[in-house]
>>> print(open('work.tsv').read())   # TSV, C-alpha atoms
chain	number	residue	atom	x	y	z
A	180	MET	CA	96.30	95.86	71.51
A	181	SER	CA	92.87	95.03	70.09
A	182	ARG	CA	91.35	95.75	73.50
A	183	LEU	CA	93.10	99.11	73.60
A	184	LEU	CA	91.82	99.94	70.12
A	185	LEU	CA	88.26	99.35	71.31
A	186	LEU	CA	88.89	101.65	74.26
A	187	ALA	CA	90.24	104.33	71.96
A	188	LEU	CA	87.06	104.14	69.90
A	189	ALA	CA	85.02	104.50	73.07
A	190	PHE	CA	86.88	107.73	73.90
A	191	PRO	CA	87.37	109.44	70.52
A	192	LEU	CA	88.39	112.70	72.24
A	193	ALA	CA	91.00	111.01	74.40
A	194	CYS	CA	93.88	113.08	73.04
A	195	GLY	CA	91.95	116.34	73.21
A	196	ILE	CA	91.05	117.45	76.72
A	197	PHE	CA	92.88	114.46	78.21
A	198	ALA	CA	96.32	115.69	77.11
A	199	CYS	CA	97.71	112.52	75.55
A	200	GLY	CA	100.59	114.27	73.82
A	201	GLY	CA	102.22	113.47	70.51
A	202	ASP	CA	104.13	110.33	69.57
A	203	ASP	CA	107.39	112.27	69.64
A	204	THR	CA	106.88	113.47	73.21
A	205	ASP	CA	108.88	111.82	75.99
A	206	PRO	CA	106.18	110.05	78.04
A	207	VAL	CA	107.93	110.58	81.38
A	208	ALA	CA	108.46	114.28	80.71
A	209	GLU	CA	104.76	114.56	79.96
A	210	LEU	CA	103.48	112.39	82.80
A	211	GLU	CA	105.60	113.73	85.64
A	212	VAL	CA	104.60	117.38	85.32
A	213	ARG	CA	101.33	119.07	86.12
A	214	GLY	CA	98.88	118.87	83.22
A	215	PRO	CA	97.39	121.75	81.23
A	216	HIS	CA	94.27	122.24	83.39
A	217	GLU	CA	93.66	124.24	86.51
A	218	VAL	CA	92.15	122.10	89.27
A	219	GLY	CA	88.77	122.59	90.89
A	220	PHE	CA	87.65	121.10	94.19
A	221	THR	CA	84.25	120.59	95.74
A	222	GLU	CA	82.83	118.78	98.74
A	223	LEU	CA	79.52	116.90	98.58
A	224	GLU	CA	77.52	114.58	100.82
A	225	VAL	CA	76.11	111.21	99.81
A	226	THR	CA	73.36	109.32	101.66
A	227	TYR	CA	72.33	105.85	100.57
A	228	ALA	CA	70.38	102.85	101.82
A	229	ARG	CA	72.80	100.32	103.27
A	230	PRO	CA	72.92	97.00	101.41
A	231	ASP	CA	72.38	95.08	104.63
A	232	GLY	CA	69.03	96.80	105.29
A	233	ARG	CA	70.31	98.51	108.43
A	234	GLY	CA	69.19	102.04	107.63
A	235	ASP	CA	70.85	104.85	105.73
A	236	ARG	CA	74.54	105.70	105.61
A	237	THR	CA	76.03	109.14	104.91
A	238	VAL	CA	79.56	109.86	103.72
A	239	LYS	CA	81.42	113.00	102.76
A	240	LEU	CA	82.55	113.05	99.15
A	241	TYR	CA	85.53	115.04	97.89
A	242	VAL	CA	85.89	115.77	94.17
A	243	TRP	CA	88.75	117.18	92.10
A	244	TYR	CA	88.17	118.11	88.45
A	245	PRO	CA	89.60	120.09	85.49
A	246	ALA	CA	88.79	123.76	85.80
A	247	THR	CA	89.17	126.83	83.61
A	248	THR	CA	90.57	129.12	86.31
A	249	THR	CA	91.23	129.28	90.04
A	250	GLU	CA	92.06	132.96	90.17
A	251	GLY	CA	90.73	134.66	93.28
A	252	LEU	CA	89.23	131.46	94.72
A	253	ARG	CA	89.73	129.98	98.16
A	254	VAL	CA	91.74	126.76	98.34
A	255	PRO	CA	90.90	123.67	100.40
A	256	THR	CA	92.86	122.89	103.55
A	257	TYR	CA	94.89	119.68	103.32
A	258	PRO	CA	96.48	118.26	106.48
A	259	PHE	CA	99.87	117.36	104.94
A	260	SER	CA	100.22	119.44	101.75
A	261	THR	CA	99.46	122.84	100.28
A	262	ALA	CA	96.48	122.93	97.96
A	263	THR	CA	96.55	124.52	94.52
A	264	ALA	CA	92.94	123.62	93.69
A	265	GLY	CA	90.24	126.27	93.71
A	266	ILE	CA	87.06	125.59	95.68
A	267	ASP	CA	84.07	125.40	93.31
A	268	ALA	CA	86.17	126.60	90.38
A	269	PRO	CA	84.39	126.81	87.00
A	270	VAL	CA	84.39	123.42	85.28
A	271	ALA	CA	86.28	122.89	82.02
A	272	GLU	CA	84.46	121.58	78.96
A	273	GLY	CA	84.13	117.88	78.24
A	274	VAL	CA	83.24	114.54	79.74
A	275	PHE	CA	86.08	113.56	82.03
A	276	PRO	CA	87.50	110.09	82.61
A	277	VAL	CA	87.16	109.14	86.26
A	278	LEU	CA	89.49	107.98	89.01
A	279	GLY	CA	87.82	106.67	92.17
A	280	TYR	CA	89.87	106.43	95.35
A	281	SER	CA	89.50	104.69	98.72
A	282	HIS	CA	91.54	105.99	101.67
A	283	GLY	CA	93.27	103.83	104.25
A	284	HIS	CA	92.25	102.69	107.72
A	285	GLN	CA	92.11	105.51	110.26
A	286	ALA	CA	92.76	108.08	107.52
A	287	VAL	CA	90.88	110.53	105.29
A	288	PRO	CA	91.05	111.17	101.52
A	289	LEU	CA	92.78	114.52	102.03
A	290	VAL	CA	96.11	112.83	102.78
A	291	SER	CA	96.67	111.64	99.19
A	292	THR	CA	96.14	114.90	97.37
A	293	PHE	CA	99.31	114.79	95.27
A	294	VAL	CA	97.68	112.04	93.19
A	295	PHE	CA	94.29	113.75	92.97
A	296	GLU	CA	95.50	117.18	91.85
A	297	HIS	CA	97.91	115.58	89.37
A	298	PHE	CA	95.18	113.51	87.69
A	299	ALA	CA	92.73	116.43	87.64
A	300	SER	CA	95.32	118.69	86.00
A	301	HIS	CA	95.63	116.06	83.25
A	302	GLY	CA	91.89	116.10	82.55
A	303	TRP	CA	90.47	113.56	85.01
A	304	LEU	CA	87.69	113.82	87.54
A	305	VAL	CA	88.77	112.27	90.84
A	306	PHE	CA	86.33	111.33	93.59
A	307	ALA	CA	87.13	110.03	97.06
A	308	PRO	CA	84.54	109.27	99.75
A	309	GLU	CA	85.41	109.56	103.42
A	310	HIS	CA	84.59	106.16	104.93
A	311	THR	CA	82.34	107.03	107.87
A	312	GLY	CA	83.39	105.16	111.01
A	313	ASN	CA	86.87	104.38	109.68
A	314	THR	CA	88.62	107.76	109.71
A	315	THR	CA	91.35	109.38	111.80
A	316	ALA	CA	88.73	110.59	114.25
A	317	ASP	CA	87.25	107.12	114.75
A	318	GLY	CA	90.24	105.40	116.34
A	319	GLU	CA	91.87	102.06	115.64
A	320	ASP	CA	88.90	99.72	115.94
A	321	ARG	CA	87.35	98.32	112.76
A	322	GLN	CA	83.79	97.06	112.71
A	323	THR	CA	82.88	93.97	110.68
A	324	GLU	CA	80.52	96.00	108.50
A	325	ILE	CA	83.25	98.35	107.28
A	326	TYR	CA	84.79	95.50	105.30
A	327	TYR	CA	81.86	95.57	102.86
A	328	LEU	CA	80.52	99.10	103.39
A	329	ARG	CA	83.72	100.66	102.07
A	330	GLY	CA	83.11	99.29	98.57
A	331	HIS	CA	79.52	100.50	98.65
A	332	ASP	CA	80.69	103.96	99.74
A	333	VAL	CA	82.71	104.16	96.52
A	334	SER	CA	80.02	102.80	94.21
A	335	GLU	CA	77.24	104.87	95.73
A	336	SER	CA	79.40	107.99	95.46
A	337	TYR	CA	79.93	107.25	91.78
A	338	ASP	CA	76.16	106.78	91.35
A	339	HIS	CA	75.64	110.15	93.00
A	340	LEU	CA	78.00	111.92	90.61
A	341	LEU	CA	76.42	110.33	87.55
A	342	ALA	CA	72.95	111.38	88.73
A	343	LEU	CA	73.76	115.01	89.58
A	344	PRO	CA	70.91	117.35	88.64
A	345	ALA	CA	71.30	119.68	85.68
A	346	SER	CA	71.75	122.57	88.11
A	347	SER	CA	75.05	121.09	89.35
A	348	PRO	CA	78.18	122.46	87.62
A	349	LEU	CA	79.55	118.89	87.32
A	350	ALA	CA	76.40	117.43	85.72
A	351	GLY	CA	77.20	115.85	82.37
A	352	HIS	CA	80.96	115.97	82.92
A	353	VAL	CA	81.31	112.53	84.58
A	354	SER	CA	82.16	109.49	82.45
A	355	ASP	CA	80.51	106.16	83.28
A	356	ARG	CA	83.86	104.34	83.01
A	357	ALA	CA	86.55	104.65	85.64
A	358	VAL	CA	89.75	103.42	87.26
A	359	ILE	CA	89.71	102.50	90.95
A	360	ALA	CA	92.67	103.20	93.24
A	361	GLY	CA	93.23	103.05	96.97
A	362	HIS	CA	95.87	102.96	99.69
A	363	SER	CA	96.33	100.34	102.44
A	364	PHE	CA	92.81	99.35	103.61
A	365	GLY	CA	91.74	101.33	100.55
A	366	GLY	CA	93.95	99.09	98.41
A	367	TYR	CA	92.00	96.13	99.78
A	368	THR	CA	88.80	98.04	98.91
A	369	ALA	CA	90.09	98.62	95.39
A	370	TYR	CA	90.75	94.90	94.99
A	371	GLY	CA	87.16	94.13	95.98
A	372	LEU	CA	85.74	96.69	93.55
A	373	ALA	CA	88.00	95.26	90.84
A	374	GLY	CA	86.38	91.85	91.28
A	375	ALA	CA	88.28	89.94	93.97
A	376	THR	CA	85.89	87.52	95.65
A	377	TYR	CA	85.81	86.72	99.35
A	378	ASP	CA	86.84	83.35	100.77
A	379	VAL	CA	83.69	83.20	102.90
A	380	ASP	CA	84.26	79.61	104.00
A	381	PHE	CA	87.70	80.52	105.34
A	382	ILE	CA	86.34	83.60	107.11
A	383	GLU	CA	83.47	81.68	108.70
A	384	THR	CA	85.59	78.80	109.95
A	385	GLY	CA	88.75	80.84	110.57
A	386	CYS	CA	87.12	83.30	112.96
A	387	PRO	CA	86.42	80.84	115.79
A	388	ALA	CA	89.79	79.21	115.15
A	389	GLY	CA	91.60	82.54	115.59
A	390	GLU	CA	92.97	82.42	112.02
A	391	VAL	CA	91.24	85.62	110.86
A	392	SER	CA	91.61	89.15	112.20
A	393	ALA	CA	89.39	89.87	115.19
A	394	ASP	CA	88.35	93.13	113.50
A	395	ILE	CA	86.21	91.32	110.97
A	396	CYS	CA	85.27	88.49	113.32
A	397	ASP	CA	83.94	90.46	116.31
A	398	GLU	CA	80.53	91.18	114.80
A	399	LEU	CA	80.44	88.55	112.08
A	400	ASP	CA	76.90	87.24	111.59
A	401	ASP	CA	74.86	85.67	108.80
A	402	GLU	CA	74.05	89.07	107.29
A	403	ALA	CA	77.71	90.06	107.16
A	404	LEU	CA	78.63	86.72	105.58
A	405	GLU	CA	75.90	87.23	102.99
A	406	GLN	CA	77.25	90.68	102.15
A	407	LEU	CA	80.79	89.36	101.81
A	408	ALA	CA	79.60	86.50	99.62
A	409	ALA	CA	77.87	89.00	97.32
A	410	GLY	CA	81.12	90.96	96.93
A	411	VAL	CA	81.46	94.60	95.90
A	412	ARG	CA	82.56	94.32	92.27
A	413	ASP	CA	81.62	97.43	90.26
A	414	PRO	CA	81.87	96.76	86.49
A	415	ARG	CA	82.29	100.46	85.73
A	416	PHE	CA	85.88	100.16	86.95
A	417	VAL	CA	87.94	98.89	84.03
A	418	ALA	CA	91.37	98.98	85.72
A	419	ALA	CA	92.69	99.08	89.28
A	420	ILE	CA	95.65	100.75	91.03
A	421	PRO	CA	95.86	99.39	94.59
A	422	MET	CA	98.74	100.75	96.72
A	423	ALA	CA	100.26	99.05	99.79
A	424	SER	CA	97.21	96.80	100.06
A	425	GLY	CA	96.36	94.69	103.09
A	426	ASP	CA	93.92	91.91	104.06
A	427	PHE	CA	94.88	89.51	101.29
A	428	GLY	CA	93.69	86.54	103.35
A	429	LEU	CA	90.05	87.62	103.13
A	430	PHE	CA	90.18	86.95	99.39
A	431	GLY	CA	92.89	84.31	99.12
A	432	ALA	CA	94.68	83.49	95.89
A	433	ASP	CA	91.56	82.15	94.16
A	434	GLY	CA	89.62	85.29	95.08
A	435	VAL	CA	92.30	87.56	93.63
A	436	ARG	CA	92.55	85.45	90.48
A	437	ALA	CA	88.85	86.16	89.89
A	438	ILE	CA	89.80	89.70	88.83
A	439	GLU	CA	89.37	90.18	85.09
A	440	ILE	CA	90.59	93.77	84.69
A	441	PRO	CA	94.19	95.04	84.52
A	442	VAL	CA	95.84	95.76	87.88
A	443	LEU	CA	98.77	98.05	88.64
A	444	HIS	CA	99.90	96.61	91.97
A	445	MET	CA	102.02	99.19	93.85
A	446	VAL	CA	104.11	98.38	96.92
A	447	ALA	CA	106.75	100.01	99.10
A	448	GLU	CA	109.97	98.12	99.73
A	449	GLY	CA	110.27	99.28	103.33
A	450	ASP	CA	106.66	98.50	104.24
A	451	GLY	CA	107.56	95.33	106.11
A	452	HIS	CA	106.68	93.10	103.18
A	453	PRO	CA	109.82	91.84	101.43
A	454	ALA	CA	109.35	89.67	98.38
A	455	GLY	CA	107.40	86.50	99.03
A	456	SER	CA	106.24	87.36	102.54
A	457	ALA	CA	103.08	89.22	103.44
A	458	ASN	CA	100.08	90.97	101.89
A	459	GLU	CA	101.48	92.96	99.00
A	460	ASP	CA	103.50	90.16	97.48
A	461	GLU	CA	100.79	87.56	98.06
A	462	TYR	CA	98.53	89.72	95.92
A	463	TRP	CA	101.18	89.89	93.21
A	464	SER	CA	101.77	86.13	93.33
A	465	ALA	CA	98.03	85.54	92.82
A	466	LEU	CA	97.49	88.03	89.99
A	467	ASP	CA	97.63	86.41	86.56
A	468	GLY	CA	96.34	88.99	84.06
A	469	ALA	CA	98.47	89.61	80.98
A	470	ASP	CA	98.38	93.39	81.60
A	471	ASP	CA	99.08	93.26	85.34
A	472	MET	CA	102.14	95.16	86.58
A	473	ARG	CA	103.91	95.62	89.91
A	474	ILE	CA	105.76	98.78	90.90
A	475	ASP	CA	107.99	98.61	93.99
A	476	LEU	CA	109.05	102.00	95.40
A	477	LEU	CA	112.57	101.20	96.57
A	478	GLY	CA	113.31	102.40	100.08
A	479	ALA	CA	109.80	103.78	100.52
A	480	GLY	CA	107.46	103.19	103.44
A	481	HIS	CA	103.78	102.52	103.88
A	482	ASN	CA	102.72	106.17	103.72
A	483	SER	CA	105.02	107.10	100.86
A	484	PHE	CA	101.89	106.78	98.69
A	485	THR	CA	100.36	109.70	100.60
A	486	ASP	CA	101.31	113.32	101.32
A	487	VAL	CA	102.52	112.37	104.80
A	488	CYS	CA	106.15	111.39	104.16
A	489	ARG	CA	106.89	114.47	102.09
A	490	ARG	CA	105.70	116.75	104.89
A	491	LEU	CA	107.08	114.63	107.76
A	492	PRO	CA	109.97	112.55	106.41
A	493	GLY	CA	111.54	110.17	108.88
A	494	SER	CA	108.42	109.84	111.04
A	495	GLU	CA	108.44	106.25	112.25
A	496	PHE	CA	105.08	106.79	113.96
A	497	LEU	CA	103.53	107.76	110.60
A	498	ARG	CA	105.26	104.83	108.85
A	499	CYS	CA	107.72	106.88	106.84
A	500	PRO	CA	111.30	105.64	106.34
A	501	THR	CA	113.47	106.98	109.15
A	502	ASP	CA	116.60	107.22	106.99
A	503	ARG	CA	115.08	109.13	104.06
A	504	THR	CA	114.40	112.79	103.29
A	505	ALA	CA	111.67	114.89	101.72
A	506	MET	CA	113.57	114.67	98.43
A	507	ASP	CA	113.17	110.89	98.49
A	508	ALA	CA	109.44	111.34	99.14
A	509	ILE	CA	109.21	113.65	96.13
A	510	ALA	CA	110.84	110.97	93.97
A	511	TRP	CA	108.36	108.33	95.19
A	512	GLN	CA	105.43	110.64	94.50
A	513	ARG	CA	106.82	111.31	91.03
A	514	ALA	CA	107.06	107.58	90.27
A	515	THR	CA	103.55	106.99	91.63
A	516	ASN	CA	102.07	109.70	89.43
A	517	VAL	CA	103.94	108.65	86.29
A	518	TYR	CA	102.98	104.98	86.42
A	519	ALA	CA	99.45	105.48	87.75
A	520	LEU	CA	98.56	108.06	85.09
A	521	ALA	CA	100.15	106.02	82.29
A	522	PHE	CA	98.32	102.87	83.40
A	523	ALA	CA	94.99	104.69	83.70
A	524	ARG	CA	95.35	106.26	80.26
A	525	ALA	CA	96.38	103.00	78.64
A	526	HIS	CA	93.54	100.94	80.06
A	527	LEU	CA	90.66	103.39	80.24
A	528	LEU	CA	91.37	105.74	77.33
A	529	GLY	CA	92.97	103.17	75.05
A	530	ASP	CA	96.09	105.34	74.77
A	531	ARG	CA	98.38	103.09	72.73
A	532	ARG	CA	101.37	105.32	73.33
A	533	MET	CA	100.99	104.86	77.09
A	534	ALA	CA	100.58	101.11	76.56
A	535	ARG	CA	103.88	101.02	74.66
A	536	PHE	CA	105.53	103.05	77.41
A	537	LEU	CA	104.37	100.56	80.05
A	538	GLU	CA	105.53	97.61	77.97
A	539	ASP	CA	109.00	99.05	77.38
A	540	ALA	CA	109.59	101.42	80.31
A	541	GLU	CA	112.63	101.33	82.48
A	542	PRO	CA	112.17	102.72	85.99
A	543	VAL	CA	111.62	106.48	85.90
A	544	ASP	CA	114.49	106.86	88.38
A	545	PRO	CA	116.36	104.63	90.86
A	546	SER	CA	113.37	104.86	93.22
A	547	ALA	CA	111.21	102.28	91.41
A	548	GLU	CA	111.41	98.67	90.26
A	549	ILE	CA	109.05	97.17	87.68
A	550	ASP	CA	107.65	93.63	87.39
A	551	ARG	CA	105.39	92.53	84.55
A	552	ARG	CA	103.45	89.37	83.82
>>> encode(input="work.tsv", output="C-alpha cells")
Amino acid sequence: MSRLLLLALAFPLACGIFACGGDDTDPVAELEVRGPHEVGFTELEVTYARPDGRGDRTVKLYVWYPATTTEGLRVPTYPFSTATAGIDAPVAEGVFPVLGYSHGHQAVPLVSTFVFEHFASHGWLVFAPEHTGNTTADGEDRQTEIYYLRGHDVSESYDHLLALPASSPLAGHVSDRAVIAGHSFGGYTAYGLAGATYDVDFIETGCPAGEVSADICDELDDEALEQLAAGVRDPRFVAAIPMASGDFGLFGADGVRAIEIPVLHMVAEGDGHPAGSANEDEYWSALDGADDMRIDLLGAGHNSFTDVCRRLPGSEFLRCPTDRTAMDAIAWQRATNVYALAFARAHLLGDRRMARFLEDAEPVDPSAEIDRR
C-alpha cells in the first residue's frame, strides 16, 4: 500500500477526470459500464531510426482519448465492431493516464477496440501502433527483426505523442507514465516492454538445433542477437496487461522473473493451453511479483480478447469457441474491461479502492477465474 500511496501523490487529480468513484460505489458496476467521457479518435504516422542502424521505419499510430463531444463527427471504421468514437473530436481537459497496446501477429490494432474505447471513456489516452510487416496484409511469415522492432514501435510511438508540437490538439494531454497491454504476439511484446529479458544463449544455440521457432531463426545474425540482448524494456510502463501471450521460450523463466512491475496475466481457457502446459501458464509459473494476478476467461478462445468473437462467434478459423455465442463473448469482454481497468487504476493512479477490489474480488461472473500470488 505504500507504493500505491506514492502513486496517488503522483496523480493528485486521479479521482477527478479519471472517474475513480466514491468508496460507497460498487466497483464492478462502475468499471463495467462506459465512463463519463465521449471518445475521440485520430490516426497519426510515426517514422523513427531503427535501432539496428538499418534505415528508417514508419508505422501507423491509432489514438483514442477523452473528448468533450462527438456530435456530428465521422466515426472510424472498425473491421469487427461498430465505432462510437468521433474522428478528431475536441479533446477534454487534463493530462490523461496512458495505455499502450501491441496487436497480435497477422492482425491490426483495430480488432481490439472494445478495450480502447472503454479506457478512453474512463479518462485514458490509448495508443496502438500498427506493426509494419506483421499485419493481416503481410501474411503468416515473421521476420527475425520483428521480434525486437515491435517493442521499439511502441516506445517510439509513445515518444512521438509526448513530443507533439503545441499546434497538435493532443499536445500536453499525454502523461509520461503508462500501462502496457497486448494480445498474443502483442502479449509477448508487452512482456518485453515490461522488462522480460531474452535468453540469448538459448536462442543462439537452439536455432541450429531446431529447438527455437524458425521464424526468429531464419535471419538471425549478430546484429539481431545484439538487439535481443539489449531488450526493449521501457521504464515509463509501470504495469503490464498481457493477454493470451506467446513465445515464452524466448525469455525463459529467468527472463520473465526479471520483470519488476505488476503484471495482470490474462489467458483464455479454450486457447489450447490448459494449466501447466504451454505459453500462458509458463508465464504465470515464472511470475513472482507480489501484485501479479492471473485472470482465466473460462470457456473463451484465443480471440476472445478482441472484437472478433463477438462479431463472429463460433468461428474456428478465427480461433473463437465453436460452442459459444455472442452473449458469451460479451461476458468475456466485460470481464476483460473490469479487471484491466481496475488493475491499471490501482497500479498507475494509486487508486487504493481499486487495489482493495483486486485483493478481495470474486469473479465478476462465472466467465472468469482469478489467481493471485
>>> atom_distance(input="work.tsv", atom1="atom CA of Pro348 of chain A", atom2="atom CA of Ser334 of chain A")
20.8 Å
>>> closest_residue(input="work.tsv", among="A:Val435, A:Gly478, A:Leu537, A:Ala373", to="Asp502 of chain A", atoms="only C-alpha atoms")
A:Gly478
>>> closest_residue(input="work.tsv", among="A:Ile325, A:Leu289, A:Ala299, A:Val238", to="Pro215 of chain A", atoms="all atoms listed in the file")
A:Ala299
>>> closest_residue(input="work.tsv", among="A:Asp380, A:Asp205, A:Glu296, A:Glu335", to="Gly431 of chain A", atoms="all atoms listed in the file")
A:Asp380
>>> closest_residue(input="work.tsv", among="A:Gly371, A:Gly365, A:Pro258, A:Pro387", to="Ala408 of chain A", atoms="all atoms listed in the file")
A:Gly371
>>> closest_residue(input="work.tsv", among="A:Arg415, A:His362, A:Arg535, A:Arg356", to="Phe275 of chain A", atoms="only C-alpha atoms")
A:Arg356
>>> residues_around(input="work.tsv", residues="Gly385 of chain A", least_positions_apart="4", cutoff="12 Å", atoms="all atoms listed in the file", output="PDB file with C-alpha atoms, in the frame of the given file")
ATOM      1  CA  ASP A 378      86.840  83.350 100.770  1.00  0.00           C
ATOM      2  CA  VAL A 379      83.690  83.200 102.900  1.00  0.00           C
ATOM      3  CA  ASP A 380      84.260  79.610 104.000  1.00  0.00           C
ATOM      4  CA  PHE A 381      87.700  80.520 105.340  1.00  0.00           C
ATOM      5  CA  GLY A 389      91.600  82.540 115.590  1.00  0.00           C
ATOM      6  CA  GLU A 390      92.970  82.420 112.020  1.00  0.00           C
ATOM      7  CA  VAL A 391      91.240  85.620 110.860  1.00  0.00           C
ATOM      8  CA  SER A 392      91.610  89.150 112.200  1.00  0.00           C
ATOM      9  CA  ALA A 393      89.390  89.870 115.190  1.00  0.00           C
ATOM     10  CA  ILE A 395      86.210  91.320 110.970  1.00  0.00           C
ATOM     11  CA  CYS A 396      85.270  88.490 113.320  1.00  0.00           C
ATOM     12  CA  LEU A 399      80.440  88.550 112.080  1.00  0.00           C
ATOM     13  CA  GLY A 428      93.690  86.540 103.350  1.00  0.00           C
ATOM     14  CA  LEU A 429      90.050  87.620 103.130  1.00  0.00           C
TER      15      LEU A 429
END
>>> residues_around(input="work.tsv", residues="Ala432 of chain A", least_positions_apart="6", cutoff="9 Å", atoms="all atoms listed in the file", output="PyMOL selection string")
chain A and resi 461-462+464-466
>>> closest_residue(input="work.tsv", among="A:Ala523, A:Ala350, A:Leu304, A:Ala510", to="Ile440 of chain A", atoms="all atoms listed in the file")
A:Ala523
>>> atom_distance(input="work.tsv", atom1="atom CA of Pro245 of chain A", atom2="atom CA of His216 of chain A")
5.6 Å
>>> residues_around(input="work.tsv", residues="Phe220 of chain A", least_positions_apart="4", cutoff="12 Å", atoms="only C-alpha atoms", output="PDB file with C-alpha atoms, keeping the file's coordinate frame")
ATOM      1  CA  LEU A 240      82.550 113.050  99.150  1.00  0.00           C
ATOM      2  CA  TYR A 241      85.530 115.040  97.890  1.00  0.00           C
ATOM      3  CA  VAL A 242      85.890 115.770  94.170  1.00  0.00           C
ATOM      4  CA  TRP A 243      88.750 117.180  92.100  1.00  0.00           C
ATOM      5  CA  TYR A 244      88.170 118.110  88.450  1.00  0.00           C
ATOM      6  CA  PRO A 245      89.600 120.090  85.490  1.00  0.00           C
ATOM      7  CA  ALA A 246      88.790 123.760  85.800  1.00  0.00           C
ATOM      8  CA  THR A 248      90.570 129.120  86.310  1.00  0.00           C
ATOM      9  CA  THR A 249      91.230 129.280  90.040  1.00  0.00           C
ATOM     10  CA  LEU A 252      89.230 131.460  94.720  1.00  0.00           C
ATOM     11  CA  ARG A 253      89.730 129.980  98.160  1.00  0.00           C
ATOM     12  CA  VAL A 254      91.740 126.760  98.340  1.00  0.00           C
ATOM     13  CA  PRO A 255      90.900 123.670 100.400  1.00  0.00           C
ATOM     14  CA  THR A 256      92.860 122.890 103.550  1.00  0.00           C
ATOM     15  CA  TYR A 257      94.890 119.680 103.320  1.00  0.00           C
ATOM     16  CA  ALA A 262      96.480 122.930  97.960  1.00  0.00           C
ATOM     17  CA  THR A 263      96.550 124.520  94.520  1.00  0.00           C
ATOM     18  CA  ALA A 264      92.940 123.620  93.690  1.00  0.00           C
ATOM     19  CA  GLY A 265      90.240 126.270  93.710  1.00  0.00           C
ATOM     20  CA  ILE A 266      87.060 125.590  95.680  1.00  0.00           C
ATOM     21  CA  ASP A 267      84.070 125.400  93.310  1.00  0.00           C
ATOM     22  CA  ALA A 268      86.170 126.600  90.380  1.00  0.00           C
ATOM     23  CA  PRO A 269      84.390 126.810  87.000  1.00  0.00           C
ATOM     24  CA  VAL A 270      84.390 123.420  85.280  1.00  0.00           C
ATOM     25  CA  LEU A 289      92.780 114.520 102.030  1.00  0.00           C
ATOM     26  CA  THR A 292      96.140 114.900  97.370  1.00  0.00           C
ATOM     27  CA  PHE A 295      94.290 113.750  92.970  1.00  0.00           C
ATOM     28  CA  GLU A 296      95.500 117.180  91.850  1.00  0.00           C
ATOM     29  CA  ALA A 299      92.730 116.430  87.640  1.00  0.00           C
ATOM     30  CA  SER A 300      95.320 118.690  86.000  1.00  0.00           C
ATOM     31  CA  LEU A 304      87.690 113.820  87.540  1.00  0.00           C
ATOM     32  CA  VAL A 305      88.770 112.270  90.840  1.00  0.00           C
ATOM     33  CA  PHE A 306      86.330 111.330  93.590  1.00  0.00           C
ATOM     34  CA  ALA A 307      87.130 110.030  97.060  1.00  0.00           C
ATOM     35  CA  PRO A 348      78.180 122.460  87.620  1.00  0.00           C
ATOM     36  CA  LEU A 349      79.550 118.890  87.320  1.00  0.00           C
TER      37      LEU A 349
END
